[in-house]
Each structure stands twice: as C-alpha cells, then as structure tokens.
>>> print(open('run-v9.cif').read())   # mmCIF, C-alpha atoms
data_model
loop_
_atom_site.label_atom_id
_atom_site.label_comp_id
_atom_site.auth_asym_id
_atom_site.auth_seq_id
_atom_site.Cartn_x
_atom_site.Cartn_y
_atom_site.Cartn_z
CA MET A 121 0.00 0.00 0.00
CA ASN A 122 1.44 3.38 -0.92
CA ASP A 123 1.68 6.26 1.56
CA MET A 124 -1.30 8.04 0.04
CA GLU A 125 -3.54 5.07 0.80
CA SER A 126 -2.28 4.41 4.35
CA THR A 127 -4.85 4.53 7.14
CA SER A 128 -3.05 7.30 9.00
CA PHE A 129 -2.87 9.50 5.91
CA LEU A 130 -6.52 8.86 5.04
CA GLU A 131 -7.54 9.78 8.59
CA LYS A 132 -5.72 13.09 8.23
CA LEU A 133 -7.47 13.72 4.94
CA LYS A 134 -10.86 12.91 6.43
CA ILE A 135 -10.41 15.72 8.96
CA GLN A 136 -9.26 17.98 6.08
CA ASP A 137 -5.74 18.40 7.42
CA HIS A 138 -4.20 21.11 5.23
CA GLN A 139 -0.72 19.64 5.09
CA ALA A 140 -2.04 16.23 4.09
CA PHE A 141 -4.26 17.82 1.46
CA ASN A 142 -1.30 19.73 0.01
CA GLN A 143 0.60 16.44 -0.23
CA LEU A 144 -2.35 14.94 -2.07
CA VAL A 145 -2.37 17.88 -4.48
CA GLN A 146 1.35 17.53 -5.07
CA GLN A 147 1.04 13.83 -5.83
CA TYR A 148 -2.07 13.83 -7.99
CA HIS A 149 -2.50 17.23 -9.64
CA SER A 150 -0.59 16.29 -12.78
CA SER A 151 -2.45 12.99 -13.06
CA LEU A 152 -5.84 14.61 -12.67
CA LEU A 153 -4.87 17.19 -15.26
CA THR A 154 -3.90 14.43 -17.66
CA VAL A 155 -7.27 12.76 -17.29
CA ALA A 156 -9.16 16.04 -17.54
CA ARG A 157 -7.27 16.87 -20.73
CA ALA A 158 -8.30 13.50 -22.08
CA ILE A 159 -11.98 14.14 -21.43
CA VAL A 160 -12.48 17.87 -22.06
CA GLY A 161 -9.35 18.89 -23.96
CA ASP A 162 -6.74 21.47 -23.02
CA ILE A 163 -8.97 24.52 -22.95
CA TRP A 164 -11.02 23.61 -19.89
CA ALA A 165 -8.79 21.04 -18.22
CA GLU A 166 -7.20 23.38 -15.66
CA GLU A 167 -10.55 24.80 -14.65
CA VAL A 168 -12.18 21.38 -14.40
CA VAL A 169 -9.36 20.09 -12.21
CA GLN A 170 -9.66 23.12 -9.91
CA GLU A 171 -13.39 22.44 -9.57
CA ALA A 172 -12.71 18.76 -8.96
CA TRP A 173 -10.19 19.56 -6.23
CA VAL A 174 -12.74 21.76 -4.47
CA SER A 175 -15.29 18.94 -4.67
CA ILE A 176 -12.70 16.43 -3.43
CA TYR A 177 -11.75 18.64 -0.48
CA LYS A 178 -15.39 19.13 0.51
CA ALA A 179 -16.14 15.40 0.20
CA LEU A 180 -13.08 14.12 2.06
CA PRO A 181 -14.89 13.76 5.43
CA LYS A 182 -17.38 11.45 3.67
CA PHE A 183 -14.74 9.23 1.98
CA GLN A 184 -15.59 5.66 3.01
CA LYS A 185 -12.79 3.61 1.45
CA ARG A 186 -15.18 1.61 -0.74
CA SER A 187 -12.63 2.15 -3.49
CA SER A 188 -9.03 3.35 -3.47
CA LEU A 189 -8.54 7.05 -2.86
CA LYS A 190 -7.12 7.40 -6.36
CA THR A 191 -10.16 5.79 -8.00
CA TRP A 192 -12.51 7.88 -5.82
CA MET A 193 -10.76 11.09 -6.89
CA TYR A 194 -10.79 10.12 -10.56
CA THR A 195 -14.51 9.40 -10.32
CA ILE A 196 -15.15 12.88 -8.91
CA LEU A 197 -12.99 14.35 -11.66
CA LYS A 198 -14.83 12.32 -14.29
CA ASN A 199 -18.17 13.71 -13.13
CA GLU A 200 -16.87 17.29 -13.18
CA ALA A 201 -15.26 16.83 -16.58
CA LYS A 202 -18.25 15.17 -18.21
CA SER A 203 -20.54 17.83 -16.85
CA ARG A 204 -18.30 20.53 -18.33
CA TYR A 205 -17.92 18.66 -21.60
CA LYS A 206 -21.68 18.34 -21.95
CA LYS A 207 -22.15 22.04 -21.28
CA GLU A 208 -19.40 23.28 -23.57
CA SER A 209 -19.94 20.83 -26.42
CA LYS A 210 -23.28 22.54 -27.09
CA THR A 211 -21.31 25.45 -28.50
CA VAL A 212 -17.96 23.98 -29.56
CA SER A 213 -17.14 20.57 -30.97
CA LEU A 214 -14.07 19.21 -29.24
CA GLU A 215 -13.79 16.45 -31.80
CA ALA A 216 -13.60 19.02 -34.57
CA GLN A 217 -10.41 20.45 -33.07
CA LEU A 218 -8.54 17.22 -33.59
CA PRO A 219 -7.37 15.95 -36.98
CA ALA A 220 -7.89 12.41 -35.77
CA ASP A 221 -9.12 11.01 -39.08
CA GLN A 222 -5.78 11.94 -40.56
CA GLN A 223 -4.06 10.03 -37.74
CA ASP A 224 -6.19 6.93 -38.35
CA ARG A 225 -5.44 7.07 -42.08
CA SER A 226 -1.75 7.29 -41.27
CA ILE A 227 -1.96 4.05 -39.25
CA GLU A 228 -3.94 2.33 -41.98
CA ASP A 229 -1.37 3.45 -44.55
CA TRP A 230 1.46 2.17 -42.40
CA LEU A 231 -0.21 -1.21 -41.87
CA GLY A 232 -1.05 -1.40 -45.56
CA ASN A 233 2.50 -0.67 -46.66
CA ALA A 234 4.40 -2.70 -44.07
CA PHE A 235 3.18 -6.16 -45.12
CA ASN A 236 2.98 -8.18 -48.33
CA LYS A 237 -0.23 -9.82 -49.51
CA ASP A 238 0.52 -12.85 -47.35
CA GLY A 239 0.62 -10.68 -44.23
CA HIS A 240 4.38 -10.87 -43.66
CA TRP A 241 6.77 -7.95 -43.23
CA LEU A 242 8.02 -6.47 -46.50
CA ASN A 243 11.08 -5.12 -44.71
CA SER A 244 12.37 -5.53 -41.19
CA LEU A 245 12.02 -2.51 -38.92
CA SER A 246 15.20 -0.46 -38.79
CA GLY A 247 17.23 -0.79 -35.61
CA TRP A 248 16.52 2.02 -33.11
CA ASP A 249 19.50 4.14 -32.08
CA LEU A 250 17.59 5.24 -28.97
CA ASN A 251 16.92 1.83 -27.48
CA SER A 252 16.25 2.37 -23.79
CA PRO A 253 13.37 4.19 -22.03
CA GLU A 254 15.85 6.70 -20.60
CA ALA A 255 17.38 7.41 -24.00
CA LEU A 256 13.93 7.91 -25.51
CA MET A 257 12.87 10.39 -22.85
CA GLN A 258 16.15 12.31 -22.86
CA GLU A 259 15.81 13.12 -26.56
CA GLU A 260 14.02 16.44 -26.27
CA GLN A 261 12.82 16.59 -29.86
CA LEU A 262 11.41 13.08 -29.65
CA HIS A 263 9.72 13.94 -26.37
CA LYS A 264 7.97 16.84 -28.12
CA CYS A 265 7.05 14.50 -30.96
CA ILE A 266 5.49 12.05 -28.47
CA GLU A 267 3.54 14.87 -26.79
CA HIS A 268 2.33 16.03 -30.21
CA THR A 269 1.25 12.50 -31.11
CA LEU A 270 -0.66 12.17 -27.84
CA ASP A 271 -2.38 15.50 -28.47
CA LEU A 272 -3.57 14.27 -31.85
CA LEU A 273 -5.15 11.05 -30.57
CA LYS A 274 -8.92 10.84 -30.63
CA PRO A 275 -10.28 11.83 -27.19
CA ASP A 276 -11.48 8.31 -26.39
CA GLN A 277 -8.16 6.77 -27.44
CA ARG A 278 -6.23 9.39 -25.51
CA SER A 279 -8.33 8.82 -22.40
CA VAL A 280 -7.70 5.09 -22.31
CA PHE A 281 -4.07 5.42 -23.27
CA LEU A 282 -3.17 8.08 -20.71
CA LEU A 283 -5.00 6.37 -17.85
CA ARG A 284 -3.58 2.93 -18.62
CA ASP A 285 -0.09 3.60 -19.94
CA GLN A 286 0.87 6.92 -18.42
CA GLU A 287 -1.07 6.88 -15.14
CA GLN A 288 -0.81 3.09 -15.00
CA LEU A 289 -4.29 2.40 -13.67
CA ALA A 290 -5.67 -1.14 -13.84
CA MET A 291 -7.84 -1.73 -16.90
CA ASP A 292 -10.92 -2.25 -14.70
CA GLU A 293 -10.39 1.19 -13.19
CA VAL A 294 -9.94 2.74 -16.62
CA CYS A 295 -13.22 1.21 -17.80
CA ASN A 296 -14.98 2.34 -14.64
CA ILE A 297 -13.77 5.93 -14.91
CA LEU A 298 -14.55 6.25 -18.61
CA ASP A 299 -17.75 4.17 -18.57
CA ILE A 300 -16.65 1.91 -21.42
CA SER A 301 -16.51 -1.83 -21.90
CA HIS A 302 -13.33 -3.82 -21.46
CA SER A 303 -13.31 -4.91 -25.11
CA ASN A 304 -13.80 -1.35 -26.34
CA ALA A 305 -11.04 -0.10 -24.06
CA ARG A 306 -8.61 -2.69 -25.41
CA VAL A 307 -9.34 -1.70 -29.01
CA LEU A 308 -8.86 2.00 -28.20
CA LEU A 309 -5.68 1.26 -26.26
CA HIS A 310 -4.16 -0.75 -29.10
CA ARG A 311 -4.89 1.94 -31.70
CA ALA A 312 -3.29 4.57 -29.46
CA ARG A 313 -0.24 2.41 -28.75
CA LEU A 314 0.24 1.75 -32.46
CA LYS A 315 0.17 5.49 -33.15
CA LEU A 316 2.77 6.12 -30.47
CA PHE A 317 4.90 3.29 -31.81
CA GLN A 318 4.57 4.59 -35.36
CA ALA A 319 5.60 8.11 -34.29
CA ILE A 320 8.68 6.88 -32.42
CA ASN A 321 9.63 4.49 -35.21
CA HIS A 322 9.32 7.29 -37.76
CA TYR A 323 11.50 9.53 -35.59
CA GLN A 324 14.12 6.81 -35.24
CA GLU A 325 14.22 6.32 -39.02
CA ILE A 326 14.06 9.95 -40.17
CA GLY A 327 15.39 11.88 -37.19
CA GLU A 328 12.42 14.20 -37.06
CA CYS A 329 8.76 14.11 -36.10
CA MET B 15 0.16 -20.31 -38.37
CA LEU B 16 -0.04 -16.63 -37.50
CA LYS B 17 1.00 -14.00 -40.01
CA CYS B 18 3.24 -11.09 -39.05
CA LYS B 19 0.29 -8.73 -39.48
CA ASP B 20 -1.60 -10.78 -36.87
CA VAL B 21 1.25 -10.22 -34.43
CA VAL B 22 0.94 -6.46 -34.89
CA THR B 23 -2.85 -6.63 -34.59
CA ASN B 24 -2.66 -8.63 -31.35
CA ALA B 25 0.40 -7.01 -29.81
CA THR B 26 -1.47 -5.24 -27.01
CA ASP B 27 -3.29 -8.39 -25.93
CA TYR B 28 0.00 -10.28 -26.04
CA ILE B 29 2.10 -7.91 -23.94
CA ASP B 30 -0.76 -7.36 -21.46
CA LYS B 31 -1.25 -11.15 -21.17
CA GLU B 32 -4.89 -10.90 -22.21
CA MET B 33 -4.78 -13.93 -24.51
CA SER B 34 -6.00 -17.47 -24.17
CA TRP B 35 -3.35 -20.13 -23.65
CA SER B 36 -3.61 -21.33 -27.25
CA GLN B 37 -3.39 -17.79 -28.68
CA SER B 38 -0.41 -17.07 -26.47
CA MET B 39 1.32 -20.24 -27.66
CA SER B 40 0.70 -19.32 -31.30
CA MET B 41 2.26 -15.91 -30.70
CA ALA B 42 5.21 -17.42 -28.85
CA LEU B 43 5.81 -19.90 -31.67
CA HIS B 44 5.67 -17.18 -34.31
CA LEU B 45 8.03 -14.97 -32.33
CA LEU B 46 10.44 -17.86 -31.92
CA LEU B 47 10.65 -18.20 -35.69
CA CYS B 48 10.34 -14.56 -36.82
CA GLY B 49 13.08 -12.04 -36.05
CA HIS B 50 11.11 -9.21 -37.66
CA CYS B 51 8.25 -9.67 -35.22
CA ARG B 52 10.59 -10.12 -32.25
CA ARG B 53 12.04 -6.72 -33.09
CA PHE B 54 8.56 -5.23 -33.48
CA ILE B 55 7.40 -6.52 -30.07
CA LYS B 56 10.63 -5.33 -28.44
CA TYR B 57 10.21 -1.80 -29.80
CA PHE B 58 6.45 -1.79 -29.18
CA LYS B 59 7.12 -2.50 -25.48
CA LEU B 60 9.96 0.01 -25.39
CA SER B 61 7.77 2.80 -26.76
CA LEU B 62 5.41 2.30 -23.80
CA LEU B 63 8.17 2.20 -21.21
CA SER B 64 9.19 5.69 -22.26
CA LEU B 65 5.92 7.01 -20.80
CA LYS B 66 6.01 5.48 -17.35
CA LYS B 67 7.34 8.50 -15.58
CA LYS B 68 5.23 9.75 -12.70
CA ARG B 69 4.83 13.49 -12.87
CA THR B 70 4.32 15.56 -9.74
CA ILE B 71 4.27 19.29 -9.13
CA SER B 72 6.67 21.07 -6.79
CA SER B 73 5.97 21.28 -3.08
CA GLU B 74 5.75 25.09 -3.32
CA ASN B 75 3.21 24.98 -6.15
CA ALA B 76 1.22 22.29 -4.34
CA THR B 77 1.06 24.39 -1.17
CA GLN B 78 -0.09 27.45 -3.07
CA LEU B 79 -2.63 25.51 -5.11
CA GLY B 80 -3.84 23.65 -2.02
CA SER B 81 -4.38 26.93 -0.16
CA GLU B 82 -6.38 28.36 -3.07
CA ILE B 83 -8.55 25.24 -3.26
CA ILE B 84 -9.21 25.22 0.49
CA ALA B 85 -10.06 28.94 0.45
CA LYS B 86 -12.52 28.40 -2.41
CA ALA B 87 -14.08 25.38 -0.72
CA GLN B 88 -14.52 27.31 2.51
CA ALA B 89 -15.96 30.31 0.66
CA ASP B 90 -18.54 28.03 -1.00
CA THR B 91 -19.84 26.74 2.33
#
>>> encode(input="run-v9.cif", output="structure tokens")
Amino acid sequence: MNDMESTSFLEKLKIQDHQAFNQLVQQYHSSLLTVARAIVGDIWAEEVVQEAWVSIYKALPKFQKRSSLKTWMYTILKNEAKSRYKKESKTVSLEAQLPADQQDRSIEDWLGNAFNKDGHWLNSLSGWDLNSPEALMQEEQLHKCIEHTLDLLKPDQRSVFLLRDQEQLAMDEVCNILDISHSNARVLLHRARLKLFQAINHYQEIGEC
Amino acid sequence: MLKCKDVVTNATDYIDKEMSWSQSMSMALHLLLCGHCRRFIKYFKLSLLSLKKKRTISSENATQLGSEIIAKAQADT
C-alpha cells in the first residue's frame, strides 16, 4: 500500500488536514490534469481540475474507502469533466479540433505498406539508435514529438491510453472511470499504442517528427 | 500459423497477457521463428516504457494551489 492510501494518511485527509491535502495535491495534480485533458481537452482542463479539487476537499470527510482514494478522486474528476464537456460541447465541438481522421489514415497506410499480400513484413524494422526508455525520454525533440502524437489522438483513445499507460491504472479502473466496456477499451488502447509506436519508429528512421 | 500482421494486430493483448493459452502459444511460436516480429514486439514495449514516468508538481506549487482550493471550498460553504 502506498503512503497516500495508508490509514493514518486517510484519517488526516478525512479531517481535512491542510498539510495532508497539500501532499495529495502535489502527488495527484498532474495525473488529474492528464485525465481532464483526455476528457475535455486542453482549454477547460485546468478549470475542471480546480473544480474537482474543491469537490474532493469538501467530500473528504465522507470518503468511506469503498474504493481506493485514487479511483474515488478520478470518479469525482470524471463527473466534473463530463458535466463541463456536456455544457461546452453545445457550442464547440471538441472532436472538430482534432485531426484524428488523418491520424487513423496514417496508421492504416502504415499497416497497408508494411506487409505483403501474405501478411508478412516487407522489410524488417530499422534498428533504433535510442533503445532504452531513458534514451527515448532524454531526446528532447522526440519527447515533443510524443507529446504532439498524444495531443492528436482521438479523445477516447487518448483517455484510455493516458490512464492505462501513463497513469498506470488497472484496466478495470480505466473502464470504470470512462464508462466503457473492457473490449472497447482494449481496441482503443491498441490503436493509441500503435500510433505512439509509429511516431517513435518514424523519428528513429528519419530523425524528425 | 499466424502471419506477421496478426502479431501487430494482437500485440497489445500479447504484452498485457490478455490472450487465451492457445493464442499465447501461437504468438510465442511465431516470435520464436520470426526475427522481424521479435524486433517489433521489443520496440512496441519500449515505446510504452518511455511514458512510465510519474509526474508531480513542486511542493511550493502544491502548497499554493492547495491553499487556493481550500479557500474556495470554505468560501462556498
């Protein structure tokens, strides 16, 4: 059990101890922002997270440990974010901001060109010069390329991908937070992973995004 | 016998161990025989490992943000 889920820490949170709450903010603010971005996009994410934090703070005395603290907080965030999304999407289409169709075509093109008619590789993948996680993350231009790729994912793909692969939640938690089926989540996750892989592979071959 | 394209299509289920025993064996057999697909799976996993970095905000920013949130929550009640 991590420190944030320990009984003593949860007891402090339940009495709204300011220091404990600040620790919670320090640990989870970035994660909540990631999820909010996935649901409502960049424009409202900060505001939604602020509103979620206020709701979390107010509700802390009523937290009953039926789920993990993390899952409980994400559920509150989800409700705030979906409420905002519903309100704002009446005037602005979030989907329209994202050239996701172009991204999907790019994957289809890659899959179409990589294999022969028998379904075997036409050419082997080139060897990657950056071949450790640390090397990948230390390459600033590649890091920007990865961020750009994540920004271009469809919202539903980005949601699943960020929760599962960046925030490392269990798949059941991801499905619960996003209200989607396990099979749908796995399809979305695989499409997103392929796009990330394709972006990194392209960078390794060409040296640019 | 699986095709290489099938390996790409099922890569997520394979690395997350979400396959049946027989599917998993088919993948393992293909990977044993196919260097191209071994390389693909290696890089596919590597691309995900590059993301597993927990991001936190600074203690100073957290204290300031926490104070603002608490003030707003108290003002609401």
>>> resolve_selection(input="run-v9.cif", expression="the PyMOL selection byres ((chain A) within 8 of (chain B))", output="PyMOL selection string")
chain A and resi 138+141-143+145-151+170+173-175+177-178+231+235+238-241+244-245+251-254+256-257+285-288+306+309-310+313-314+316-317+320
>>> residues_around(input="run-v9.cif", residues="Met15 (chain B)", least_positions_apart="3", cutoff="9 Å", atoms="all atoms listed in the file", output="list of chain:residue names")
B:Ser40, B:Leu43, B:His44
>>> closest_residue(input="run-v9.cif", among="A:Ile326, A:Val294, A:Val168, A:Leu189", to="Ser246 (chain A)", atoms="all atoms listed in the file")
A:Ile326
>>> atom_distance(input="run-v9.cif", atom1="CA of His268 (chain A)", atom2="CA of Glu200 (chain A)")
25.7 Å
>>> resolve_selection(input="run-v9.cif", expression="the PyMOL selection byres ((chain A and resi 315) around 12)", output="number ranges by chain")
A: 220, 222-231, 265-274, 277-278, 281, 308-314, 316-322; B: 58, 61-62
>>> residues_around(input="run-v9.cif", residues="Lys132 (chain A)", least_positions_apart="2", cutoff="12 Å", atoms="only C-alpha atoms", output="ChimeraX atom specification")
/A:124-130,134-144,177,180-181,183
>>> closest_residue(input="run-v9.cif", among="A:Asn304, A:Leu289, A:Glu208, A:His263", to="Tyr194 (chain A)", atoms="all atoms listed in the file")
A:Leu289
>>> axis_aligned_box(input="run-v9.cif", around="region 150-165 of chain A", padding_each_side="4 Å", output="AutoDock Vina command-line options")
--center_x -6.5 --center_y 18.6 --center_z -18.3 --size_x 19.9 --size_y 19.8 --size_z 19.3
>>> atom_distance(input="run-v9.cif", atom1="CA of Ile196 (chain A)", atom2="CA of Ala305 (chain A)")
20.4 Å
>>> atom_distance(input="run-v9.cif", atom1="CA of Trp35 (chain B)", atom2="CA of Ser301 (chain A)")
22.6 Å
>>> residues_near_point(input="run-v9.cif", point="(-8.2, 14.0, -17.8)", cutoff="9 Å", atoms="only C-alpha atoms", output="number ranges by chain")
A: 151-161, 165, 169, 194, 197-198, 201, 279, 282-283
>>> write_last_selection(input="run-v9.cif", atoms="C-alpha atoms", output="PDB file, in the coordinates of the input")
ATOM      1  CA  SER A 151      -2.450  12.990 -13.060  1.00  0.00           C
ATOM      2  CA  LEU A 152      -5.840  14.610 -12.670  1.00  0.00           C
ATOM      3  CA  LEU A 153      -4.870  17.190 -15.260  1.00  0.00           C
ATOM      4  CA  THR A 154      -3.900  14.430 -17.660  1.00  0.00           C
ATOM      5  CA  VAL A 155      -7.270  12.760 -17.290  1.00  0.00           C
ATOM      6  CA  ALA A 156      -9.160  16.040 -17.540  1.00  0.00           C
ATOM      7  CA  ARG A 157      -7.270  16.870 -20.730  1.00  0.00           C
ATOM      8  CA  ALA A 158      -8.300  13.500 -22.080  1.00  0.00           C
ATOM      9  CA  ILE A 159     -11.980  14.140 -21.430  1.00  0.00           C
ATOM     10  CA  VAL A 160     -12.480  17.870 -22.060  1.00  0.00           C
ATOM     11  CA  GLY A 161      -9.350  18.890 -23.960  1.00  0.00           C
ATOM     12  CA  ALA A 165      -8.790  21.040 -18.220  1.00  0.00           C
ATOM     13  CA  VAL A 169      -9.360  20.090 -12.210  1.00  0.00           C
ATOM     14  CA  TYR A 194     -10.790  10.120 -10.560  1.00  0.00           C
ATOM     15  CA  LEU A 197     -12.990  14.350 -11.660  1.00  0.00           C
ATOM     16  CA  LYS A 198     -14.830  12.320 -14.290  1.00  0.00           C
ATOM     17  CA  ALA A 201     -15.260  16.830 -16.580  1.00  0.00           C
ATOM     18  CA  SER A 279      -8.330   8.820 -22.400  1.00  0.00           C
ATOM     19  CA  LEU A 282      -3.170   8.080 -20.710  1.00  0.00           C
ATOM     20  CA  LEU A 283      -5.000   6.370 -17.850  1.00  0.00           C
TER      21      LEU A 283
END
>>> decode(input="run-v9.cif", residues="region 134-208 of chain A", atoms="C-alpha atoms", output="CSV table (one decimal), in the first residue's frame")
chain,number,residue,atom,x,y,z
A,134,LYS,CA,-10.9,12.9,6.4
A,135,ILE,CA,-10.4,15.7,9.0
A,136,GLN,CA,-9.3,18.0,6.1
A,137,ASP,CA,-5.7,18.4,7.4
A,138,HIS,CA,-4.2,21.1,5.2
A,139,GLN,CA,-0.7,19.6,5.1
A,140,ALA,CA,-2.0,16.2,4.1
A,141,PHE,CA,-4.3,17.8,1.5
A,142,ASN,CA,-1.3,19.7,0.0
A,143,GLN,CA,0.6,16.4,-0.2
A,144,LEU,CA,-2.4,14.9,-2.1
A,145,VAL,CA,-2.4,17.9,-4.5
A,146,GLN,CA,1.4,17.5,-5.1
A,147,GLN,CA,1.0,13.8,-5.8
A,148,TYR,CA,-2.1,13.8,-8.0
A,149,HIS,CA,-2.5,17.2,-9.6
A,150,SER,CA,-0.6,16.3,-12.8
A,151,SER,CA,-2.4,13.0,-13.1
A,152,LEU,CA,-5.8,14.6,-12.7
A,153,LEU,CA,-4.9,17.2,-15.3
A,154,THR,CA,-3.9,14.4,-17.7
A,155,VAL,CA,-7.3,12.8,-17.3
A,156,ALA,CA,-9.2,16.0,-17.5
A,157,ARG,CA,-7.3,16.9,-20.7
A,158,ALA,CA,-8.3,13.5,-22.1
A,159,ILE,CA,-12.0,14.1,-21.4
A,160,VAL,CA,-12.5,17.9,-22.1
A,161,GLY,CA,-9.4,18.9,-24.0
A,162,ASP,CA,-6.7,21.5,-23.0
A,163,ILE,CA,-9.0,24.5,-23.0
A,164,TRP,CA,-11.0,23.6,-19.9
A,165,ALA,CA,-8.8,21.0,-18.2
A,166,GLU,CA,-7.2,23.4,-15.7
A,167,GLU,CA,-10.6,24.8,-14.7
A,168,VAL,CA,-12.2,21.4,-14.4
A,169,VAL,CA,-9.4,20.1,-12.2
A,170,GLN,CA,-9.7,23.1,-9.9
A,171,GLU,CA,-13.4,22.4,-9.6
A,172,ALA,CA,-12.7,18.8,-9.0
A,173,TRP,CA,-10.2,19.6,-6.2
A,174,VAL,CA,-12.7,21.8,-4.5
A,175,SER,CA,-15.3,18.9,-4.7
A,176,ILE,CA,-12.7,16.4,-3.4
A,177,TYR,CA,-11.7,18.6,-0.5
A,178,LYS,CA,-15.4,19.1,0.5
A,179,ALA,CA,-16.1,15.4,0.2
A,180,LEU,CA,-13.1,14.1,2.1
A,181,PRO,CA,-14.9,13.8,5.4
A,182,LYS,CA,-17.4,11.4,3.7
A,183,PHE,CA,-14.7,9.2,2.0
A,184,GLN,CA,-15.6,5.7,3.0
A,185,LYS,CA,-12.8,3.6,1.5
A,186,ARG,CA,-15.2,1.6,-0.7
A,187,SER,CA,-12.6,2.1,-3.5
A,188,SER,CA,-9.0,3.3,-3.5
A,189,LEU,CA,-8.5,7.0,-2.9
A,190,LYS,CA,-7.1,7.4,-6.4
A,191,THR,CA,-10.2,5.8,-8.0
A,192,TRP,CA,-12.5,7.9,-5.8
A,193,MET,CA,-10.8,11.1,-6.9
A,194,TYR,CA,-10.8,10.1,-10.6
A,195,THR,CA,-14.5,9.4,-10.3
A,196,ILE,CA,-15.2,12.9,-8.9
A,197,LEU,CA,-13.0,14.4,-11.7
A,198,LYS,CA,-14.8,12.3,-14.3
A,199,ASN,CA,-18.2,13.7,-13.1
A,200,GLU,CA,-16.9,17.3,-13.2
A,201,ALA,CA,-15.3,16.8,-16.6
A,202,LYS,CA,-18.2,15.2,-18.2
A,203,SER,CA,-20.5,17.8,-16.8
A,204,ARG,CA,-18.3,20.5,-18.3
A,205,TYR,CA,-17.9,18.7,-21.6
A,206,LYS,CA,-21.7,18.3,-22.0
A,207,LYS,CA,-22.1,22.0,-21.3
A,208,GLU,CA,-19.4,23.3,-23.6
